[in-house]
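Chemist: Handing you a structure now.
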Amino acid sequence: MKSGVEQLTQYAAYHRDRRNIVTHFVGVPLIVLGVVILLSRPTFLYLDGVAITPALLAVAASVIYYFLLDRSLAVALAAFLVICLWLGQLIAPMPTLVWAAWGFGVFLIGWIIQFIGHYYEQKKPAFYDDLIGLIIGPFFVTAELAFALGLRKPLQQQIESVVGAMLIRPPKTA
């Protein structure tokens, strides 16, 4: 299994344009929320009033994976995912059309925003070459948020030593 630094470095290679990264701050959380909403409706069983859903199982597996990559980033990401689960549980019992509109709508809007970002980047999304990029996207956004807040500078330097610093301005064309 690749380390957290290796996963972030590989993902960062596809994301060096600041505009693309900014779109990821909106698009990735929307995609995650859409998936959680859609996976919150089917319920396997209830344990002490807690609905055991595909969303809960996917979030639990994801959080475990993120903890294996980086504990502090995983804590922040787990907090976001718990909020997504809560929202998913609020929306899941709504009429089918409402639930589906929320789930698919949020998911679709997130992907549209993502593809706008990759238009600026002029690179395909990371998951085109490696499907693990789909699970690393939220982890990357969490790391980028930490970097923007001035946290985790050694991690940021490790990544940038391989892929270079984020581009603030678009490269000049001939």
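For the structure tokens, the naming scheme is as follows: chains receive sequential letters (A, B, ...) according to their order of presentation, residues are indexed from 1 within each chain, and ligands are indexed from 1 in presentation order.
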If we count only C-alpha atoms, what is near Leu38 (chain A) at a cut-off of 9 Å, once residues fewer than 3 positions away on the same chain are taken out, given as a PyMOL selection string?
Modeler: chain A and resi 33-35+41-42+55+88+92+99-100+102-104
Chemist: Would you write out those residues with N, CA and C atoms, as a PDB file, in the first residue's frame?
Modeler:
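As written to disk, selection10.pdb reads:
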```pdb
ATOM      1  N   LEU A  33     -20.840  14.183  -0.784  1.00  0.00           N
ATOM      2  CA  LEU A  33     -22.168  14.326  -0.194  1.00  0.00           C
ATOM      3  C   LEU A  33     -23.217  13.635  -1.061  1.00  0.00           C
ATOM      4  N   GLY A  34     -23.143  13.807  -2.372  1.00  0.00           N
ATOM      5  CA  GLY A  34     -24.096  13.150  -3.266  1.00  0.00           C
ATOM      6  C   GLY A  34     -24.054  11.638  -3.140  1.00  0.00           C
ATOM      7  N   VAL A  35     -22.861  11.080  -3.091  1.00  0.00           N
ATOM      8  CA  VAL A  35     -22.720   9.621  -2.947  1.00  0.00           C
ATOM      9  C   VAL A  35     -23.301   9.165  -1.615  1.00  0.00           C
ATOM     10  N   ARG A  41     -30.067   5.609   1.664  1.00  0.00           N
ATOM     11  CA  ARG A  41     -31.457   5.130   1.658  1.00  0.00           C
ATOM     12  C   ARG A  41     -31.596   3.628   1.910  1.00  0.00           C
ATOM     13  N   PRO A  42     -30.834   2.796   1.211  1.00  0.00           N
ATOM     14  CA  PRO A  42     -30.981   1.357   1.496  1.00  0.00           C
ATOM     15  C   PRO A  42     -30.500   1.074   2.919  1.00  0.00           C
ATOM     16  N   ALA A  55     -23.969   3.679   2.978  1.00  0.00           N
ATOM     17  CA  ALA A  55     -23.243   4.923   3.256  1.00  0.00           C
ATOM     18  C   ALA A  55     -22.401   4.788   4.514  1.00  0.00           C
ATOM     19  N   GLY A  88     -27.256  12.786   4.916  1.00  0.00           N
ATOM     20  CA  GLY A  88     -27.799  11.654   4.168  1.00  0.00           C
ATOM     21  C   GLY A  88     -28.970  11.015   4.891  1.00  0.00           C
ATOM     22  N   ALA A  92     -32.592  10.779   3.234  1.00  0.00           N
ATOM     23  CA  ALA A  92     -32.972   9.425   2.819  1.00  0.00           C
ATOM     24  C   ALA A  92     -34.459   9.111   2.968  1.00  0.00           C
ATOM     25  N   TRP A  99     -35.336  12.670  -2.625  1.00  0.00           N
ATOM     26  CA  TRP A  99     -34.069  12.009  -2.273  1.00  0.00           C
ATOM     27  C   TRP A  99     -33.166  11.884  -3.498  1.00  0.00           C
ATOM     28  N   ALA A 100     -33.721  11.408  -4.608  1.00  0.00           N
ATOM     29  CA  ALA A 100     -32.927  11.221  -5.830  1.00  0.00           C
ATOM     30  C   ALA A 100     -32.456  12.558  -6.387  1.00  0.00           C
ATOM     31  N   TRP A 102     -31.843  15.332  -4.733  1.00  0.00           N
ATOM     32  CA  TRP A 102     -30.738  15.797  -3.895  1.00  0.00           C
ATOM     33  C   TRP A 102     -29.463  15.009  -4.181  1.00  0.00           C
ATOM     34  N   GLY A 103     -29.559  13.694  -4.140  1.00  0.00           N
ATOM     35  CA  GLY A 103     -28.371  12.869  -4.331  1.00  0.00           C
ATOM     36  C   GLY A 103     -27.727  13.056  -5.692  1.00  0.00           C
ATOM     37  N   PHE A 104     -28.510  12.860  -6.745  1.00  0.00           N
ATOM     38  CA  PHE A 104     -27.954  12.981  -8.097  1.00  0.00           C
ATOM     39  C   PHE A 104     -27.623  14.424  -8.439  1.00  0.00           C
TER      40      PHE A 104
END
```
Chemist: Please, which residues in region 51-145 of chain A fall within 7 Å of region 10-24 of chain A when counting only C-alpha atoms, and what is the closest atom pair and distance in Å to one decimal for each, ordered by chain then residue number, as a Markdown table?
Modeler:
```
| residue | atom | partner | partner_atom | distance |
| --- | --- | --- | --- | --- |
| A:Ile113 | CA | A:Thr23 | CA | 5.9 |
| A:Gln114 | CA | A:Thr23 | CA | 6.0 |
| A:Gly117 | CA | A:Asn20 | CA | 3.9 |
| A:His118 | CA | A:Asn20 | CA | 5.9 |
| A:Tyr120 | CA | A:Asn20 | CA | 6.2 |
| A:Glu121 | CA | A:Asp17 | CA | 5.5 |
| A:Lys123 | CA | A:Tyr14 | CA | 6.3 |
| A:Pro125 | CA | A:Tyr14 | CA | 6.6 |
| A:Ala126 | CA | A:Tyr14 | CA | 5.9 |
| A:Gly133 | CA | A:Tyr11 | CA | 6.7 |
| A:Val141 | CA | A:His24 | CA | 6.7 |
```
Chemist: Could you save those same residues with N, CA and C atoms as a compact mmCIF listing (two decimals), in the first residue's frame?
Modeler:
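Generated output (result-v5.txt):
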```
# COMPACT_ATOMS: atom_id res chain seq x y z
N ILE A 113 -18.32 21.02 -11.64
CA ILE A 113 -17.31 21.91 -11.07
C ILE A 113 -15.92 21.30 -11.23
N GLN A 114 -15.80 19.99 -11.00
CA GLN A 114 -14.51 19.31 -11.15
C GLN A 114 -13.98 19.45 -12.57
N GLY A 117 -12.56 22.77 -13.37
CA GLY A 117 -11.21 22.88 -12.82
C GLY A 117 -10.18 22.21 -13.69
N HIS A 118 -10.51 21.04 -14.21
CA HIS A 118 -9.55 20.34 -15.06
C HIS A 118 -9.41 20.98 -16.44
N TYR A 120 -9.10 24.24 -16.68
CA TYR A 120 -8.02 25.17 -16.36
C TYR A 120 -6.68 24.46 -16.24
N GLU A 121 -6.71 23.30 -15.63
CA GLU A 121 -5.48 22.53 -15.40
C GLU A 121 -4.89 22.02 -16.71
N LYS A 123 -5.30 19.06 -17.72
CA LYS A 123 -4.92 17.67 -17.46
C LYS A 123 -6.19 16.90 -17.11
N PRO A 125 -8.48 14.20 -15.01
CA PRO A 125 -8.53 13.88 -13.58
C PRO A 125 -7.65 12.67 -13.26
N ALA A 126 -7.15 12.63 -12.04
CA ALA A 126 -6.22 11.57 -11.61
C ALA A 126 -6.83 10.18 -11.73
N GLY A 133 -7.70 7.32 -7.22
CA GLY A 133 -7.87 8.77 -7.18
C GLY A 133 -9.25 9.19 -6.72
N VAL A 141 -8.06 17.19 -0.83
CA VAL A 141 -8.70 18.46 -0.49
C VAL A 141 -8.47 18.80 0.98
```
Chemist: Restricting the calculation to only C-alpha atoms, which member of A:Thr96, A:Pro54, A:Leu68, A:Val26 is positioned closest to Met1 (chain A)?
Modeler: A:Leu68
Chemist: Hey, what does DSSP flag as alpha helix (DSSP H) within chain A? Can you give it to me as a short mmCIF file (atom, residue, chain, number, x, y, z; two decimals) with N, CA and C atoms, in the first residue's frame?
Modeler:
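Result file result.cif:
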```
data_model
loop_
_atom_site.label_atom_id
_atom_site.label_comp_id
_atom_site.auth_asym_id
_atom_site.auth_seq_id
_atom_site.Cartn_x
_atom_site.Cartn_y
_atom_site.Cartn_z
N GLY A 4 0.59 7.81 2.66
CA GLY A 4 -0.19 9.02 2.45
C GLY A 4 0.55 10.04 1.61
N VAL A 5 1.84 10.19 1.86
CA VAL A 5 2.65 11.13 1.08
C VAL A 5 2.68 10.70 -0.39
N GLU A 6 2.87 9.41 -0.64
CA GLU A 6 2.89 8.92 -2.02
C GLU A 6 1.54 9.14 -2.71
N GLN A 7 0.45 8.87 -2.01
CA GLN A 7 -0.88 9.06 -2.59
C GLN A 7 -1.12 10.53 -2.90
N LEU A 8 -0.79 11.40 -1.96
CA LEU A 8 -1.00 12.84 -2.17
C LEU A 8 -0.10 13.37 -3.28
N THR A 9 1.13 12.89 -3.35
CA THR A 9 2.05 13.34 -4.40
C THR A 9 1.55 12.92 -5.77
N GLN A 10 1.11 11.69 -5.89
CA GLN A 10 0.59 11.21 -7.17
C GLN A 10 -0.64 12.03 -7.58
N TYR A 11 -1.54 12.28 -6.65
CA TYR A 11 -2.75 13.04 -6.94
C TYR A 11 -2.40 14.49 -7.27
N ALA A 12 -1.46 15.07 -6.51
CA ALA A 12 -1.07 16.47 -6.71
C ALA A 12 -0.47 16.70 -8.10
N ARG A 18 -3.93 26.59 -9.39
CA ARG A 18 -4.70 27.04 -8.23
C ARG A 18 -6.21 27.04 -8.51
N ARG A 19 -6.60 27.40 -9.74
CA ARG A 19 -8.04 27.42 -10.06
C ARG A 19 -8.64 26.03 -9.99
N ASN A 20 -7.88 25.04 -10.41
CA ASN A 20 -8.36 23.66 -10.34
C ASN A 20 -8.52 23.24 -8.88
N ILE A 21 -7.53 23.57 -8.07
CA ILE A 21 -7.60 23.20 -6.65
C ILE A 21 -8.79 23.89 -5.98
N VAL A 22 -9.04 25.15 -6.32
CA VAL A 22 -10.19 25.86 -5.75
C VAL A 22 -11.49 25.16 -6.14
N THR A 23 -11.60 24.71 -7.38
CA THR A 23 -12.83 24.01 -7.78
C THR A 23 -12.97 22.70 -7.00
N HIS A 24 -11.86 22.10 -6.63
CA HIS A 24 -11.91 20.85 -5.86
C HIS A 24 -12.44 21.08 -4.45
N PHE A 25 -12.20 22.29 -3.90
CA PHE A 25 -12.72 22.61 -2.57
C PHE A 25 -14.25 22.60 -2.56
N VAL A 26 -14.86 22.81 -3.70
CA VAL A 26 -16.32 22.79 -3.81
C VAL A 26 -16.79 21.46 -4.41
N GLY A 27 -16.18 21.07 -5.52
CA GLY A 27 -16.64 19.89 -6.25
C GLY A 27 -16.50 18.59 -5.50
N VAL A 28 -15.36 18.34 -4.88
CA VAL A 28 -15.14 17.07 -4.19
C VAL A 28 -16.11 16.89 -3.02
N PRO A 29 -16.28 17.89 -2.14
CA PRO A 29 -17.27 17.70 -1.07
C PRO A 29 -18.68 17.46 -1.60
N LEU A 30 -19.05 18.12 -2.69
CA LEU A 30 -20.38 17.90 -3.26
C LEU A 30 -20.53 16.48 -3.79
N ILE A 31 -19.50 15.98 -4.45
CA ILE A 31 -19.54 14.60 -4.96
C ILE A 31 -19.68 13.62 -3.80
N VAL A 32 -18.87 13.82 -2.77
CA VAL A 32 -18.93 12.93 -1.60
C VAL A 32 -20.32 12.99 -0.97
N LEU A 33 -20.84 14.18 -0.78
CA LEU A 33 -22.17 14.33 -0.19
C LEU A 33 -23.22 13.63 -1.06
N GLY A 34 -23.14 13.81 -2.37
CA GLY A 34 -24.10 13.15 -3.27
C GLY A 34 -24.05 11.64 -3.14
N VAL A 35 -22.86 11.08 -3.09
CA VAL A 35 -22.72 9.62 -2.95
C VAL A 35 -23.30 9.16 -1.62
N VAL A 36 -22.98 9.90 -0.55
CA VAL A 36 -23.49 9.51 0.77
C VAL A 36 -25.02 9.59 0.81
N ILE A 37 -25.58 10.62 0.23
CA ILE A 37 -27.05 10.73 0.19
C ILE A 37 -27.64 9.51 -0.53
N LEU A 38 -27.08 9.19 -1.69
CA LEU A 38 -27.62 8.08 -2.48
C LEU A 38 -27.46 6.74 -1.76
N LEU A 39 -26.37 6.58 -1.01
CA LEU A 39 -26.13 5.32 -0.31
C LEU A 39 -26.79 5.27 1.07
N PRO A 54 -25.36 1.29 3.26
CA PRO A 54 -24.13 1.29 2.47
C PRO A 54 -23.30 2.56 2.71
N ALA A 55 -23.97 3.68 2.98
CA ALA A 55 -23.24 4.92 3.26
C ALA A 55 -22.40 4.79 4.51
N LEU A 56 -23.00 4.25 5.57
CA LEU A 56 -22.27 4.07 6.82
C LEU A 56 -21.08 3.14 6.64
N LEU A 57 -21.28 2.05 5.93
CA LEU A 57 -20.19 1.09 5.70
C LEU A 57 -19.08 1.71 4.84
N ALA A 58 -19.46 2.46 3.80
CA ALA A 58 -18.46 3.10 2.93
C ALA A 58 -17.67 4.16 3.69
N VAL A 59 -18.37 4.95 4.50
CA VAL A 59 -17.68 5.97 5.28
C VAL A 59 -16.74 5.32 6.30
N ALA A 60 -17.20 4.28 6.97
CA ALA A 60 -16.35 3.60 7.95
C ALA A 60 -15.09 3.04 7.28
N ALA A 61 -15.26 2.39 6.13
CA ALA A 61 -14.09 1.84 5.42
C ALA A 61 -13.16 2.95 4.96
N SER A 62 -13.72 4.05 4.47
CA SER A 62 -12.90 5.18 4.01
C SER A 62 -12.11 5.79 5.15
N VAL A 63 -12.76 5.99 6.28
CA VAL A 63 -12.09 6.59 7.43
C VAL A 63 -10.95 5.69 7.91
N ILE A 64 -11.17 4.41 7.94
CA ILE A 64 -10.09 3.48 8.32
C ILE A 64 -8.91 3.63 7.36
N TYR A 65 -9.20 3.68 6.08
CA TYR A 65 -8.14 3.85 5.08
C TYR A 65 -7.41 5.18 5.28
N TYR A 66 -8.16 6.25 5.48
CA TYR A 66 -7.53 7.56 5.68
C TYR A 66 -6.66 7.56 6.94
N PHE A 67 -7.09 6.86 8.00
CA PHE A 67 -6.27 6.78 9.22
C PHE A 67 -4.97 6.03 8.95
N LEU A 68 -5.00 5.06 8.06
CA LEU A 68 -3.77 4.37 7.70
C LEU A 68 -2.81 5.29 6.94
N LEU A 69 -3.37 6.28 6.23
CA LEU A 69 -2.54 7.20 5.45
C LEU A 69 -1.99 8.35 6.29
N ARG A 71 -3.13 10.24 10.24
CA ARG A 71 -4.10 10.35 11.34
C ARG A 71 -4.75 11.73 11.45
N SER A 72 -3.95 12.78 11.41
CA SER A 72 -4.54 14.11 11.64
C SER A 72 -5.46 14.53 10.49
N LEU A 73 -5.06 14.23 9.25
CA LEU A 73 -5.95 14.54 8.13
C LEU A 73 -7.21 13.67 8.19
N ALA A 74 -7.06 12.44 8.65
CA ALA A 74 -8.20 11.53 8.76
C ALA A 74 -9.22 12.04 9.78
N VAL A 75 -8.75 12.64 10.86
CA VAL A 75 -9.68 13.17 11.87
C VAL A 75 -10.54 14.27 11.25
N ALA A 76 -9.90 15.19 10.54
CA ALA A 76 -10.65 16.27 9.90
C ALA A 76 -11.62 15.72 8.86
N LEU A 77 -11.17 14.79 8.08
CA LEU A 77 -12.01 14.21 7.04
C LEU A 77 -13.15 13.40 7.64
N ALA A 78 -12.88 12.71 8.73
CA ALA A 78 -13.94 11.95 9.41
C ALA A 78 -15.04 12.88 9.91
N ALA A 79 -14.67 14.05 10.41
CA ALA A 79 -15.67 15.01 10.87
C ALA A 79 -16.58 15.43 9.71
N PHE A 80 -15.99 15.70 8.57
CA PHE A 80 -16.79 16.06 7.39
C PHE A 80 -17.70 14.89 6.98
N LEU A 81 -17.17 13.70 7.00
CA LEU A 81 -17.95 12.53 6.58
C LEU A 81 -19.11 12.24 7.54
N VAL A 82 -18.92 12.52 8.82
CA VAL A 82 -20.02 12.35 9.78
C VAL A 82 -21.14 13.35 9.46
N ILE A 83 -20.77 14.56 9.10
CA ILE A 83 -21.78 15.55 8.70
C ILE A 83 -22.52 15.06 7.44
N CYS A 84 -21.78 14.50 6.50
CA CYS A 84 -22.41 13.95 5.29
C CYS A 84 -23.39 12.83 5.65
N LEU A 85 -22.98 11.95 6.56
CA LEU A 85 -23.87 10.87 7.00
C LEU A 85 -25.13 11.43 7.64
N TRP A 86 -24.98 12.44 8.47
CA TRP A 86 -26.13 13.06 9.12
C TRP A 86 -27.08 13.64 8.07
N LEU A 87 -26.53 14.37 7.09
CA LEU A 87 -27.37 14.93 6.03
C LEU A 87 -28.03 13.82 5.21
N GLY A 88 -27.26 12.79 4.92
CA GLY A 88 -27.80 11.65 4.17
C GLY A 88 -28.97 11.02 4.89
N GLN A 89 -28.86 10.89 6.21
CA GLN A 89 -29.95 10.30 7.00
C GLN A 89 -31.17 11.22 7.06
N LEU A 90 -30.95 12.53 6.96
CA LEU A 90 -32.08 13.47 6.93
C LEU A 90 -32.82 13.39 5.60
N ILE A 91 -32.07 13.21 4.53
CA ILE A 91 -32.66 13.22 3.18
C ILE A 91 -33.20 11.85 2.77
N THR A 96 -39.08 9.62 -2.79
CA THR A 96 -38.04 9.13 -3.71
C THR A 96 -37.54 10.21 -4.65
N LEU A 97 -38.45 10.99 -5.22
CA LEU A 97 -38.03 12.03 -6.17
C LEU A 97 -37.16 13.08 -5.48
N VAL A 98 -37.50 13.45 -4.27
CA VAL A 98 -36.73 14.45 -3.52
C VAL A 98 -35.36 13.88 -3.17
N TRP A 99 -35.34 12.67 -2.63
CA TRP A 99 -34.07 12.01 -2.27
C TRP A 99 -33.17 11.88 -3.50
N ALA A 100 -33.72 11.41 -4.61
CA ALA A 100 -32.93 11.22 -5.83
C ALA A 100 -32.46 12.56 -6.39
N ALA A 101 -33.32 13.57 -6.36
CA ALA A 101 -32.93 14.89 -6.86
C ALA A 101 -31.76 15.45 -6.06
N TRP A 102 -31.84 15.33 -4.73
CA TRP A 102 -30.74 15.80 -3.89
C TRP A 102 -29.46 15.01 -4.18
N GLY A 103 -29.56 13.69 -4.14
CA GLY A 103 -28.37 12.87 -4.33
C GLY A 103 -27.73 13.06 -5.69
N PHE A 104 -28.51 12.86 -6.74
CA PHE A 104 -27.95 12.98 -8.10
C PHE A 104 -27.62 14.42 -8.44
N GLY A 105 -28.44 15.37 -7.96
CA GLY A 105 -28.18 16.78 -8.25
C GLY A 105 -26.87 17.27 -7.67
N VAL A 106 -26.65 16.99 -6.39
CA VAL A 106 -25.42 17.40 -5.73
C VAL A 106 -24.22 16.70 -6.37
N PHE A 107 -24.37 15.43 -6.66
CA PHE A 107 -23.30 14.65 -7.31
C PHE A 107 -22.94 15.25 -8.67
N LEU A 108 -23.94 15.53 -9.48
CA LEU A 108 -23.71 16.07 -10.82
C LEU A 108 -23.09 17.46 -10.78
N ILE A 109 -23.59 18.32 -9.92
CA ILE A 109 -23.02 19.66 -9.79
C ILE A 109 -21.55 19.56 -9.38
N GLY A 110 -21.24 18.67 -8.46
CA GLY A 110 -19.85 18.47 -8.04
C GLY A 110 -18.96 18.08 -9.20
N TRP A 111 -19.42 17.15 -10.05
CA TRP A 111 -18.60 16.73 -11.19
C TRP A 111 -18.46 17.83 -12.23
N ILE A 112 -19.48 18.61 -12.45
CA ILE A 112 -19.38 19.73 -13.40
C ILE A 112 -18.30 20.70 -12.92
N ILE A 113 -18.32 21.02 -11.64
CA ILE A 113 -17.31 21.91 -11.07
C ILE A 113 -15.92 21.30 -11.23
N GLN A 114 -15.80 19.99 -11.00
CA GLN A 114 -14.51 19.31 -11.15
C GLN A 114 -13.98 19.45 -12.57
N PHE A 115 -14.83 19.21 -13.54
CA PHE A 115 -14.37 19.26 -14.93
C PHE A 115 -14.04 20.67 -15.37
N ILE A 116 -14.68 21.66 -14.79
CA ILE A 116 -14.28 23.05 -15.06
C ILE A 116 -12.85 23.25 -14.55
N GLY A 117 -12.56 22.77 -13.37
CA GLY A 117 -11.21 22.88 -12.82
C GLY A 117 -10.18 22.21 -13.69
N HIS A 118 -10.51 21.04 -14.21
CA HIS A 118 -9.55 20.34 -15.06
C HIS A 118 -9.41 20.98 -16.44
N TYR A 119 -10.39 21.77 -16.85
CA TYR A 119 -10.24 22.58 -18.07
C TYR A 119 -9.10 23.59 -17.85
N TYR A 120 -9.10 24.24 -16.68
CA TYR A 120 -8.02 25.17 -16.36
C TYR A 120 -6.68 24.46 -16.24
N GLU A 121 -6.71 23.30 -15.63
CA GLU A 121 -5.48 22.53 -15.40
C GLU A 121 -4.89 22.02 -16.71
N GLY A 133 -7.70 7.32 -7.22
CA GLY A 133 -7.87 8.77 -7.18
C GLY A 133 -9.25 9.19 -6.72
N LEU A 134 -10.24 8.34 -6.91
CA LEU A 134 -11.60 8.67 -6.45
C LEU A 134 -11.68 8.75 -4.93
N ILE A 135 -10.94 7.91 -4.24
CA ILE A 135 -10.94 7.95 -2.77
C ILE A 135 -9.91 8.94 -2.23
N ILE A 136 -8.89 9.23 -3.03
CA ILE A 136 -7.84 10.16 -2.59
C ILE A 136 -8.29 11.61 -2.75
N GLY A 137 -9.23 11.89 -3.63
CA GLY A 137 -9.71 13.27 -3.83
C GLY A 137 -10.07 13.97 -2.53
N PRO A 138 -10.94 13.39 -1.70
CA PRO A 138 -11.27 14.06 -0.43
C PRO A 138 -10.06 14.21 0.50
N PHE A 139 -9.17 13.24 0.49
CA PHE A 139 -7.95 13.29 1.29
C PHE A 139 -7.06 14.44 0.83
N PHE A 140 -6.94 14.61 -0.50
CA PHE A 140 -6.16 15.69 -1.09
C PHE A 140 -6.74 17.05 -0.71
N VAL A 141 -8.06 17.19 -0.83
CA VAL A 141 -8.70 18.46 -0.49
C VAL A 141 -8.47 18.80 0.98
N THR A 142 -8.53 17.80 1.83
CA THR A 142 -8.28 18.02 3.26
C THR A 142 -6.84 18.48 3.47
N ALA A 143 -5.89 17.86 2.79
CA ALA A 143 -4.49 18.28 2.90
C ALA A 143 -4.32 19.71 2.37
N GLU A 144 -4.92 20.02 1.24
CA GLU A 144 -4.80 21.37 0.67
C GLU A 144 -5.42 22.41 1.60
N LEU A 145 -6.51 22.05 2.27
CA LEU A 145 -7.11 22.97 3.24
C LEU A 145 -6.13 23.20 4.40
N ALA A 146 -5.51 22.14 4.87
CA ALA A 146 -4.51 22.28 5.94
C ALA A 146 -3.37 23.19 5.48
N PHE A 147 -2.91 23.01 4.25
CA PHE A 147 -1.81 23.84 3.73
C PHE A 147 -2.25 25.31 3.66
N ALA A 148 -3.48 25.55 3.19
CA ALA A 148 -3.99 26.92 3.07
C ALA A 148 -4.09 27.60 4.44
N LYS A 153 3.13 22.09 7.01
CA LYS A 153 4.14 22.59 6.07
C LYS A 153 5.15 21.52 5.65
N PRO A 154 5.65 20.67 6.57
CA PRO A 154 6.58 19.63 6.12
C PRO A 154 5.95 18.69 5.08
N LEU A 155 4.70 18.35 5.26
CA LEU A 155 4.01 17.50 4.29
C LEU A 155 3.89 18.23 2.95
N GLN A 156 3.51 19.48 3.00
CA GLN A 156 3.40 20.27 1.78
C GLN A 156 4.75 20.33 1.06
N GLN A 157 5.83 20.54 1.80
CA GLN A 157 7.16 20.60 1.20
C GLN A 157 7.57 19.27 0.58
N GLN A 158 7.21 18.17 1.24
CA GLN A 158 7.51 16.85 0.68
C GLN A 158 6.83 16.67 -0.68
N ILE A 159 5.57 17.04 -0.74
CA ILE A 159 4.81 16.89 -1.99
C ILE A 159 5.37 17.81 -3.07
N GLU A 160 5.59 19.07 -2.71
CA GLU A 160 6.07 20.05 -3.69
C GLU A 160 7.49 19.78 -4.14
N SER A 161 8.28 19.07 -3.34
CA SER A 161 9.63 18.73 -3.78
C SER A 161 9.60 17.76 -4.96
N VAL A 162 8.49 17.05 -5.10
CA VAL A 162 8.35 16.10 -6.21
C VAL A 162 7.59 16.72 -7.38
N VAL A 163 6.47 17.38 -7.10
CA VAL A 163 5.59 17.84 -8.18
C VAL A 163 5.69 19.33 -8.46
#
```
